[in-house]
Amino acid sequence: MNASAPLPTERSRLRFDSLPPLSLYLHLPWCVRKCPYCDFNSYEARGSLPDREYVEALLRDLSAEAPLAQGRVVDTIFLGGGTPSLFSGAAIETLLAGLRAEIALSADVEITLEANPGAVDAERFAAFRAAGVNRLSIGVQSFREPKLRALGRIHGAADARTAVTMARAAGFENLNLDLMYGLPDDDCDGAVGDLEEALRLEPEHLSWYQLTLEPNTAFERRPPPLPPDDTVAEIEVRGRALLADEGFGRYEISAYARPGHRCRHNLNYWRFGDYLGLGAGAHGKVTLAEEQEIERRVRTRNPRTFVASAGSATAVTRERIGAPEQAALEFLLNALRLSEGVSIDVFEARAGQPVATLTAGRAAAVERGWLVDDPTVLRATPLGLERLNKLLELFV
Ligand SMILES: C[S@@+](CC[C@H](N)C(=O)[O-])C[C@H]1O[C@@H](n2cnc3c(N)ncnc32)[C@H](O)[C@@H]1O
Ligand code: SF4
């Protein structure tokens, strides 16, 4: 189905009195090499990157999407990938200048760019900063050389340290480091050692992900020897205690921040805010004031097809959500990941329905000890966070 055809939805039973905050996600799909565990929409760059052509396509895409802002300013922007740090400083500058010309940004807009330590240099970081990027997310993964090799990474531990030094020198005051644990043949001391190394670099934010075997990846086809569940559980207990001792609050399953440095962009996803998703394979979610529905919008995945179709209706596939049950479930899927949960008011405003629709599910979840017994908030207990899928099933 494409955007030119009217969509056959039943009349929406959702009601929105206001629109949620708006974010912008831009997908930059190229990498130096495809990592064997990665199922992101990313492709090995062969030859020179068509960065100018791609930026022009992103801006055409934005022009077509801009009316969906419906008068809102953009609070956060995320340049994700792929490896956005492969793009030149000039390309990112053209992109951000083009965005500003097309859509209003809030005065304190958060603009994050993802960087791979094997694809960065000082000049480029300085140009990204000058272009308005104010948060860098660096894909470190591990500081252990054998683990980096097992993960097929293109960089060593020293490159990650250099990337942080270069980022600080370029004026970045808000840094995230991505780390993974539960790596092939992982052990507790090694995994916690990675966290200690990361903490020495004094980032403002840490994303600490358990390695998962994703469908259609090289690791799924030929699985590496992953550590047993009890080792993973021990890594989590020791790692979380260390991060808490060092002043990093865990605010989502895998996200840890120093006070005042939570990722505003990801928080908007988890609180069921709206976002325009631009670029190959990008997803967007928009609340439509007139139709009183939520629309999910997905771009074609292939970068070449995207560039050829950007800005036209054929680039986008749309799906409407008008049923309260579906909106509620999608809200909970995001919001219950947050340690502090979300207030009932936010549920009612963004899922477009009274919280009474959740009464049966909430009662069952509270009885099992998976949801806190508080009438003002929807928040998973630590046990509920561990069993999130089971908890969500109570609302289906
Ligand atoms: C788009 S990448 C970050 C930027 C850059 N592409 C890189 O890898 O350095 C997003 C992050 O997701 C995490 N990730 C990707 N695939 C994963 C998997 N199968 N299991 C756990 N974490 C994964 C990695 O920590 C990675 O840094
Ligand atoms: S560099 Fe990042 S996006 Fe690219 S393949 Fe590796 S994990 Fe995936």
# chains A, B, ... in the order shown; residues from 1 in each chain; ligands from 1
call {"tool": "select_by_dssp", "arguments": {"residues": "range 28-262 of chain A", "states": "helix (DSSP H, G or I)", "output": "ChimeraX atom specification"}}
result
/A:51-69,84-86,89-102,122-131,145-150,157-169,188-200,218-221,229-245
call {"tool": "residues_near_ligand", "arguments": {"ligand": "ligand 1", "cutoff": "9 Å", "atoms": "only C-alpha atoms and all ligand atoms", "output": "PDB file with N, CA and C atoms, in the first residue's frame"}}
result
ATOM      1  N   PRO A  29      22.640   4.988   5.952  1.00  0.00           N
ATOM      2  CA  PRO A  29      22.703   3.527   5.986  1.00  0.00           C
ATOM      3  C   PRO A  29      24.042   2.857   5.688  1.00  0.00           C
ATOM      4  N   TRP A  30      25.148   3.610   5.541  1.00  0.00           N
ATOM      5  CA  TRP A  30      26.379   2.926   5.123  1.00  0.00           C
ATOM      6  C   TRP A  30      27.350   2.686   6.269  1.00  0.00           C
ATOM      7  N   CYS A  31      28.118   1.610   6.165  1.00  0.00           N
ATOM      8  CA  CYS A  31      29.176   1.267   7.129  1.00  0.00           C
ATOM      9  C   CYS A  31      30.405   0.852   6.343  1.00  0.00           C
ATOM     10  N   CYS A  35      28.861  -5.721  10.494  1.00  0.00           N
ATOM     11  CA  CYS A  35      29.200  -6.543  11.659  1.00  0.00           C
ATOM     12  C   CYS A  35      28.313  -7.796  11.672  1.00  0.00           C
ATOM     13  N   PRO A  36      28.846  -8.936  12.102  1.00  0.00           N
ATOM     14  CA  PRO A  36      28.103 -10.195  11.956  1.00  0.00           C
ATOM     15  C   PRO A  36      26.863 -10.307  12.849  1.00  0.00           C
ATOM     16  N   TYR A  37      26.741  -9.420  13.848  1.00  0.00           N
ATOM     17  CA  TYR A  37      25.593  -9.498  14.773  1.00  0.00           C
ATOM     18  C   TYR A  37      24.502  -8.495  14.407  1.00  0.00           C
ATOM     19  N   CYS A  38      24.746  -7.655  13.391  1.00  0.00           N
ATOM     20  CA  CYS A  38      23.922  -6.450  13.208  1.00  0.00           C
ATOM     21  C   CYS A  38      22.786  -6.671  12.213  1.00  0.00           C
ATOM     22  N   ASP A  39      21.555  -6.333  12.645  1.00  0.00           N
ATOM     23  CA  ASP A  39      20.423  -6.442  11.716  1.00  0.00           C
ATOM     24  C   ASP A  39      19.849  -5.061  11.372  1.00  0.00           C
ATOM     25  N   PHE A  40      20.640  -4.027  11.623  1.00  0.00           N
ATOM     26  CA  PHE A  40      20.188  -2.687  11.225  1.00  0.00           C
ATOM     27  C   PHE A  40      20.185  -2.607   9.694  1.00  0.00           C
ATOM     28  N   ASN A  41      19.455  -1.643   9.163  1.00  0.00           N
ATOM     29  CA  ASN A  41      19.410  -1.472   7.710  1.00  0.00           C
ATOM     30  C   ASN A  41      20.694  -0.766   7.280  1.00  0.00           C
ATOM     31  N   SER A  42      21.782  -1.553   7.189  1.00  0.00           N
ATOM     32  CA  SER A  42      23.079  -0.943   6.879  1.00  0.00           C
ATOM     33  C   SER A  42      23.803  -1.764   5.822  1.00  0.00           C
ATOM     34  N   GLY A  80      21.198   8.488  12.823  1.00  0.00           N
ATOM     35  CA  GLY A  80      21.574   7.125  13.187  1.00  0.00           C
ATOM     36  C   GLY A  80      21.884   6.289  11.959  1.00  0.00           C
ATOM     37  N   GLY A  81      22.369   5.069  12.233  1.00  0.00           N
ATOM     38  CA  GLY A  81      22.765   4.275  11.059  1.00  0.00           C
ATOM     39  C   GLY A  81      22.737   2.795  11.302  1.00  0.00           C
ATOM     40  N   GLY A  82      23.549   2.158  10.513  1.00  0.00           N
ATOM     41  CA  GLY A  82      24.632   2.691   9.708  1.00  0.00           C
ATOM     42  C   GLY A  82      25.673   3.467  10.538  1.00  0.00           C
ATOM     43  N   THR A  83      26.522   4.109   9.809  1.00  0.00           N
ATOM     44  CA  THR A  83      27.605   4.878  10.422  1.00  0.00           C
ATOM     45  C   THR A  83      27.586   6.313   9.907  1.00  0.00           C
ATOM     46  N   PRO A  84      26.796   7.172  10.554  1.00  0.00           N
ATOM     47  CA  PRO A  84      26.714   8.572  10.089  1.00  0.00           C
ATOM     48  C   PRO A  84      28.069   9.280  10.091  1.00  0.00           C
ATOM     49  N   SER A  85      28.999   8.822  10.964  1.00  0.00           N
ATOM     50  CA  SER A  85      30.300   9.514  11.002  1.00  0.00           C
ATOM     51  C   SER A  85      31.103   9.273   9.729  1.00  0.00           C
ATOM     52  N   LEU A 113      24.567  12.366  16.882  1.00  0.00           N
ATOM     53  CA  LEU A 113      25.104  11.684  15.699  1.00  0.00           C
ATOM     54  C   LEU A 113      25.844  10.430  16.158  1.00  0.00           C
ATOM     55  N   GLU A 114      25.612   9.311  15.476  1.00  0.00           N
ATOM     56  CA  GLU A 114      26.297   8.060  15.825  1.00  0.00           C
ATOM     57  C   GLU A 114      27.626   7.969  15.093  1.00  0.00           C
ATOM     58  N   ALA A 115      28.646   7.562  15.846  1.00  0.00           N
ATOM     59  CA  ALA A 115      29.995   7.471  15.265  1.00  0.00           C
ATOM     60  C   ALA A 115      30.592   6.101  15.572  1.00  0.00           C
ATOM     61  N   ASN A 116      31.339   5.582  14.625  1.00  0.00           N
ATOM     62  CA  ASN A 116      32.093   4.348  14.825  1.00  0.00           C
ATOM     63  C   ASN A 116      33.550   4.752  15.019  1.00  0.00           C
ATOM     64  N   PRO A 117      34.221   4.271  16.091  1.00  0.00           N
ATOM     65  CA  PRO A 117      35.611   4.684  16.361  1.00  0.00           C
ATOM     66  C   PRO A 117      36.555   4.393  15.201  1.00  0.00           C
ATOM     67  N   GLY A 118      36.174   3.482  14.312  1.00  0.00           N
ATOM     68  CA  GLY A 118      37.010   3.179  13.146  1.00  0.00           C
ATOM     69  C   GLY A 118      36.713   4.084  11.966  1.00  0.00           C
ATOM     70  N   ALA A 119      35.777   5.002  12.123  1.00  0.00           N
ATOM     71  CA  ALA A 119      35.390   5.884  11.009  1.00  0.00           C
ATOM     72  C   ALA A 119      35.189   7.299  11.530  1.00  0.00           C
ATOM     73  N   SER A 137      27.273   9.743  19.896  1.00  0.00           N
ATOM     74  CA  SER A 137      27.098   8.405  20.429  1.00  0.00           C
ATOM     75  C   SER A 137      28.135   7.517  19.744  1.00  0.00           C
ATOM     76  N   ILE A 138      29.076   7.010  20.524  1.00  0.00           N
ATOM     77  CA  ILE A 138      30.222   6.301  19.943  1.00  0.00           C
ATOM     78  C   ILE A 138      30.078   4.790  20.187  1.00  0.00           C
ATOM     79  N   GLY A 139      30.167   4.022  19.111  1.00  0.00           N
ATOM     80  CA  GLY A 139      29.982   2.563  19.189  1.00  0.00           C
ATOM     81  C   GLY A 139      31.262   1.865  19.609  1.00  0.00           C
ATOM     82  N   VAL A 140      31.494   1.776  20.916  1.00  0.00           N
ATOM     83  CA  VAL A 140      32.739   1.194  21.445  1.00  0.00           C
ATOM     84  C   VAL A 140      32.635  -0.331  21.519  1.00  0.00           C
ATOM     85  N   GLN A 141      31.554  -0.825  22.037  1.00  0.00           N
ATOM     86  CA  GLN A 141      31.215  -2.263  22.183  1.00  0.00           C
ATOM     87  C   GLN A 141      32.054  -2.983  23.233  1.00  0.00           C
ATOM     88  N   ARG A 153      34.560  -6.031  14.464  1.00  0.00           N
ATOM     89  CA  ARG A 153      34.662  -4.562  14.471  1.00  0.00           C
ATOM     90  C   ARG A 153      35.889  -4.114  13.689  1.00  0.00           C
ATOM     91  N   LEU A 177      28.518   6.329  25.136  1.00  0.00           N
ATOM     92  CA  LEU A 177      29.282   5.189  24.633  1.00  0.00           C
ATOM     93  C   LEU A 177      28.359   3.969  24.602  1.00  0.00           C
ATOM     94  N   ASP A 178      28.338   3.270  23.447  1.00  0.00           N
ATOM     95  CA  ASP A 178      27.626   1.986  23.346  1.00  0.00           C
ATOM     96  C   ASP A 178      28.583   0.877  23.726  1.00  0.00           C
ATOM     97  N   LEU A 179      28.146   0.017  24.661  1.00  0.00           N
ATOM     98  CA  LEU A 179      28.915  -1.179  25.021  1.00  0.00           C
ATOM     99  C   LEU A 179      27.988  -2.379  24.930  1.00  0.00           C
ATOM    100  N   MET A 180      28.559  -3.544  24.666  1.00  0.00           N
ATOM    101  CA  MET A 180      27.754  -4.765  24.684  1.00  0.00           C
ATOM    102  C   MET A 180      28.383  -5.765  25.661  1.00  0.00           C
ATOM    103  N   TYR A 181      27.536  -6.628  26.241  1.00  0.00           N
ATOM    104  CA  TYR A 181      28.021  -7.692  27.118  1.00  0.00           C
ATOM    105  C   TYR A 181      27.342  -9.000  26.703  1.00  0.00           C
ATOM    106  N   SER A 207      25.114   3.279  27.016  1.00  0.00           N
ATOM    107  CA  SER A 207      24.108   2.304  26.585  1.00  0.00           C
ATOM    108  C   SER A 207      24.787   0.951  26.697  1.00  0.00           C
ATOM    109  N   TRP A 208      24.232   0.080  27.535  1.00  0.00           N
ATOM    110  CA  TRP A 208      24.877  -1.200  27.832  1.00  0.00           C
ATOM    111  C   TRP A 208      23.928  -2.317  27.415  1.00  0.00           C
ATOM    112  N   TYR A 209      24.192  -2.872  26.205  1.00  0.00           N
ATOM    113  CA  TYR A 209      23.275  -3.837  25.602  1.00  0.00           C
ATOM    114  C   TYR A 209      23.777  -5.266  25.760  1.00  0.00           C
ATOM    115  N   GLN A 210      22.854  -6.179  26.022  1.00  0.00           N
ATOM    116  CA  GLN A 210      23.218  -7.601  25.923  1.00  0.00           C
ATOM    117  C   GLN A 210      23.241  -7.980  24.440  1.00  0.00           C
ATOM    118  N   LEU A 211      24.303  -8.639  24.003  1.00  0.00           N
ATOM    119  CA  LEU A 211      24.378  -9.091  22.607  1.00  0.00           C
ATOM    120  C   LEU A 211      23.241 -10.079  22.338  1.00  0.00           C
ATOM    121  N   THR A 212      22.482  -9.812  21.298  1.00  0.00           N
ATOM    122  CA  THR A 212      21.406 -10.743  20.923  1.00  0.00           C
ATOM    123  C   THR A 212      21.683 -11.282  19.523  1.00  0.00           C
ATOM    124  N   LEU A 213      21.265 -12.523  19.282  1.00  0.00           N
ATOM    125  CA  LEU A 213      21.412 -13.127  17.952  1.00  0.00           C
ATOM    126  C   LEU A 213      20.168 -12.773  17.154  1.00  0.00           C
ATOM    127  N   GLU A 214      20.332 -11.879  16.196  1.00  0.00           N
ATOM    128  CA  GLU A 214      19.187 -11.380  15.438  1.00  0.00           C
ATOM    129  C   GLU A 214      18.986 -12.207  14.170  1.00  0.00           C
ATOM    130  N   THR A 217      21.266 -12.585  10.335  1.00  0.00           N
ATOM    131  CA  THR A 217      22.627 -12.070  10.521  1.00  0.00           C
ATOM    132  C   THR A 217      23.600 -13.253  10.429  1.00  0.00           C
ATOM    133  N   PHE A 219      25.747 -14.084  12.613  1.00  0.00           N
ATOM    134  CA  PHE A 219      25.776 -14.778  13.913  1.00  0.00           C
ATOM    135  C   PHE A 219      24.595 -15.736  14.068  1.00  0.00           C
TER     136      PHE A 219
END
call {"tool": "closest_residue", "arguments": {"among": "A:Ile321, A:Leu136, A:Cys263, A:Ala310", "to": "Leu278 in chain A", "atoms": "only C-alpha atoms"}}
result
A:Ala310
call {"tool": "residues_around", "arguments": {"residues": "Val74 in chain A", "least_positions_apart": "2", "cutoff": "9 Å", "atoms": "only C-alpha atoms", "output": "PyMOL selection string"}}
result
chain A and resi 21-24+69+72+76-77+103-106+109+275
call {"tool": "write_last_selection", "arguments": {"atoms": "all heavy atoms", "output": "tab-separated table (two decimals), in the first residue's frame"}}
result
chain	number	residue	atom	x	y	z
A	21	PRO	N	5.14	15.70	21.88
A	21	PRO	CA	6.36	16.32	21.35
A	21	PRO	C	6.82	15.60	20.09
A	21	PRO	O	6.52	14.42	19.88
A	21	PRO	CB	7.38	16.12	22.48
A	21	PRO	CG	6.59	15.81	23.69
A	21	PRO	CD	5.31	15.18	23.24
A	22	LEU	N	7.59	16.33	19.28
A	22	LEU	CA	8.00	15.81	17.97
A	22	LEU	C	9.53	15.69	17.88
A	22	LEU	O	10.27	16.62	18.21
A	22	LEU	CB	7.51	16.76	16.87
A	22	LEU	CG	7.83	16.35	15.43
A	22	LEU	CD1	7.08	15.07	15.05
A	22	LEU	CD2	7.48	17.47	14.46
A	23	SER	N	9.99	14.52	17.40
A	23	SER	CA	11.42	14.28	17.15
A	23	SER	C	11.62	13.97	15.68
A	23	SER	O	10.65	13.70	14.95
A	23	SER	CB	11.90	13.08	17.97
A	23	SER	OG	11.90	13.38	19.34
A	24	LEU	N	12.89	13.95	15.28
A	24	LEU	CA	13.24	13.65	13.89
A	24	LEU	C	14.33	12.59	13.90
A	24	LEU	O	15.35	12.76	14.58
A	24	LEU	CB	13.82	14.95	13.31
A	24	LEU	CG	13.63	15.29	11.86
A	24	LEU	CD1	12.18	15.25	11.48
A	24	LEU	CD2	14.19	16.71	11.61
A	69	ALA	N	4.27	17.89	10.93
A	69	ALA	CA	4.64	18.53	12.20
A	69	ALA	C	3.41	19.21	12.79
A	69	ALA	O	3.29	19.38	14.01
A	69	ALA	CB	5.76	19.53	11.99
A	72	ARG	N	4.15	21.97	15.22
A	72	ARG	CA	5.08	21.74	16.34
A	72	ARG	C	6.52	22.06	15.97
A	72	ARG	O	6.90	21.96	14.80
A	72	ARG	CB	5.03	20.26	16.78
A	72	ARG	CG	3.78	19.90	17.52
A	72	ARG	CD	3.67	18.40	17.70
A	72	ARG	NE	3.40	17.72	16.45
A	72	ARG	CZ	3.23	16.41	16.33
A	72	ARG	NH1	3.33	15.64	17.39
A	72	ARG	NH2	2.96	15.87	15.15
A	76	THR	N	14.12	17.09	19.28
A	76	THR	CA	15.35	16.29	19.21
A	76	THR	C	15.52	15.74	17.79
A	76	THR	O	14.55	15.47	17.10
A	76	THR	CB	15.31	15.08	20.18
A	76	THR	OG1	14.36	14.12	19.71
A	76	THR	CG2	14.98	15.47	21.60
A	77	ILE	N	16.79	15.59	17.41
A	77	ILE	CA	17.13	15.01	16.11
A	77	ILE	C	18.16	13.91	16.37
A	77	ILE	O	19.07	14.09	17.19
A	77	ILE	CB	17.75	16.08	15.18
A	77	ILE	CG1	16.74	17.21	14.95
A	77	ILE	CG2	18.19	15.46	13.85
A	77	ILE	CD1	17.31	18.37	14.12
A	103	ILE	N	12.02	23.26	8.75
A	103	ILE	CA	11.18	22.95	9.91
A	103	ILE	C	11.74	23.66	11.14
A	103	ILE	O	12.96	23.81	11.25
A	103	ILE	CB	11.12	21.40	10.10
A	103	ILE	CG1	9.94	20.99	10.96
A	103	ILE	CG2	12.42	20.82	10.64
A	103	ILE	CD1	9.58	19.51	10.82
A	104	ALA	N	10.84	24.11	12.04
A	104	ALA	CA	11.30	24.86	13.21
A	104	ALA	C	11.89	23.91	14.26
A	104	ALA	O	11.30	22.87	14.56
A	104	ALA	CB	10.13	25.63	13.80
A	105	LEU	N	13.06	24.28	14.77
A	105	LEU	CA	13.69	23.49	15.83
A	105	LEU	C	13.58	24.25	17.14
A	105	LEU	O	13.65	25.48	17.15
A	105	LEU	CB	15.18	23.24	15.51
A	105	LEU	CG	15.52	22.70	14.12
A	105	LEU	CD1	17.02	22.41	14.01
A	105	LEU	CD2	14.73	21.45	13.80
A	106	SER	N	13.44	23.53	18.25
A	106	SER	CA	13.37	24.23	19.54
A	106	SER	C	14.73	24.84	19.86
A	106	SER	O	15.76	24.39	19.35
A	106	SER	CB	12.91	23.28	20.65
A	106	SER	OG	13.92	22.37	20.93
A	109	VAL	N	17.38	22.36	21.04
A	109	VAL	CA	17.24	21.07	20.35
A	109	VAL	C	18.46	20.17	20.63
A	109	VAL	O	19.60	20.65	20.63
A	109	VAL	CB	17.04	21.30	18.82
A	109	VAL	CG1	18.21	22.03	18.20
A	109	VAL	CG2	16.77	19.99	18.09
A	275	TYR	N	7.45	11.06	15.98
A	275	TYR	CA	8.73	11.28	15.30
A	275	TYR	C	8.55	11.08	13.81
A	275	TYR	O	7.80	10.20	13.37
A	275	TYR	CB	9.83	10.35	15.84
A	275	TYR	CG	9.46	8.90	15.94
A	275	TYR	CD1	9.82	8.00	14.94
A	275	TYR	CD2	8.73	8.43	17.04
A	275	TYR	CE1	9.46	6.66	15.03
A	275	TYR	CE2	8.38	7.09	17.12
A	275	TYR	CZ	8.74	6.21	16.11
A	275	TYR	OH	8.37	4.90	16.19
call {"tool": "closest_residue", "arguments": {"among": "A:Leu148, A:Val192, A:Leu28, A:Leu95", "to": "Arg238 in chain A", "atoms": "only C-alpha atoms"}}
result
A:Val192
call {"tool": "closest_residue", "arguments": {"among": "A:Phe331, A:Phe395, A:Tyr43, A:Phe143", "to": "ligand 2", "atoms": "only C-alpha atoms and all ligand atoms"}}
result
A:Tyr43
call {"tool": "select_by_dssp", "arguments": {"residues": "range 191-396 of chain A", "states": "strand (DSSP E or B)", "output": "PyMOL selection string"}}
result
chain A and resi 205-210+249-252+255-257+274-278+283-288+293-299+316-321+338+342-343+371+377-378+380
call {"tool": "closest_residue", "arguments": {"among": "A:Glu386, A:Glu340, A:Asp61, A:Asp345", "to": "Gly98 in chain A", "atoms": "only C-alpha atoms"}}
result
A:Asp61
call {"tool": "residues_around", "arguments": {"residues": "Ala157 in chain A", "least_positions_apart": "2", "cutoff": "7 Å", "atoms": "only C-alpha atoms", "output": "list of chain:residue names"}}
result
A:Phe143, A:Arg144, A:Glu145, A:His155, A:Asp159, A:Ala160, A:Arg161
call {"tool": "write_last_selection", "arguments": {"atoms": "N, CA, C and O atoms", "output": "PDB file, in the first residue's frame"}}
result
ATOM      1  N   PHE A 143      36.417  -3.099  25.144  1.00  0.00           N
ATOM      2  CA  PHE A 143      37.817  -2.651  25.097  1.00  0.00           C
ATOM      3  C   PHE A 143      38.760  -3.838  24.986  1.00  0.00           C
ATOM      4  O   PHE A 143      39.966  -3.688  25.088  1.00  0.00           O
ATOM      5  N   ARG A 144      38.206  -5.041  24.836  1.00  0.00           N
ATOM      6  CA  ARG A 144      39.051  -6.240  24.749  1.00  0.00           C
ATOM      7  C   ARG A 144      39.275  -6.584  23.277  1.00  0.00           C
ATOM      8  O   ARG A 144      38.311  -6.845  22.551  1.00  0.00           O
ATOM      9  N   GLU A 145      40.547  -6.592  22.865  1.00  0.00           N
ATOM     10  CA  GLU A 145      40.852  -6.790  21.442  1.00  0.00           C
ATOM     11  C   GLU A 145      40.267  -8.098  20.880  1.00  0.00           C
ATOM     12  O   GLU A 145      39.686  -8.086  19.799  1.00  0.00           O
ATOM     13  N   HIS A 155      37.749  -1.557  14.459  1.00  0.00           N
ATOM     14  CA  HIS A 155      38.623  -0.725  15.287  1.00  0.00           C
ATOM     15  C   HIS A 155      39.135  -1.497  16.496  1.00  0.00           C
ATOM     16  O   HIS A 155      38.566  -2.528  16.864  1.00  0.00           O
ATOM     17  N   ASP A 159      41.442   3.007  19.451  1.00  0.00           N
ATOM     18  CA  ASP A 159      40.660   3.898  18.582  1.00  0.00           C
ATOM     19  C   ASP A 159      39.468   4.497  19.338  1.00  0.00           C
ATOM     20  O   ASP A 159      39.084   5.645  19.103  1.00  0.00           O
ATOM     21  N   ALA A 160      38.880   3.683  20.219  1.00  0.00           N
ATOM     22  CA  ALA A 160      37.733   4.187  20.984  1.00  0.00           C
ATOM     23  C   ALA A 160      38.182   5.310  21.923  1.00  0.00           C
ATOM     24  O   ALA A 160      37.520   6.348  22.038  1.00  0.00           O
ATOM     25  N   ARG A 161      39.337   5.105  22.576  1.00  0.00           N
ATOM     26  CA  ARG A 161      39.841   6.145  23.488  1.00  0.00           C
ATOM     27  C   ARG A 161      40.166   7.415  22.698  1.00  0.00           C
ATOM     28  O   ARG A 161      39.854   8.525  23.120  1.00  0.00           O
TER      29      ARG A 161
END
call {"tool": "closest_residue", "arguments": {"among": "A:Ala57, A:Leu14, A:Leu62, A:Ile253", "to": "Ala335 in chain A", "atoms": "only C-alpha atoms"}}
result
A:Ile253
call {"tool": "residues_around", "arguments": {"residues": "range 128-135 of chain A", "least_positions_apart": "5", "cutoff": "6 Å", "atoms": "only C-alpha atoms", "output": "list in words"}}
result
Gly89, Glu93, Ile111, Thr112, Asn174 and Leu175 of chain A
call {"tool": "write_last_selection", "arguments": {"atoms": "C-alpha atoms", "output": "compact mmCIF listing (two decimals), in the first residue's frame"}}
result
# COMPACT_ATOMS: atom_id res chain seq x y z
CA GLY A 89 31.45 17.49 7.72
CA GLU A 93 26.35 20.85 7.60
CA ILE A 111 21.11 16.72 17.97
CA THR A 112 22.82 13.31 18.27
CA ASN A 174 27.47 15.25 25.86
CA LEU A 175 28.86 11.82 24.97
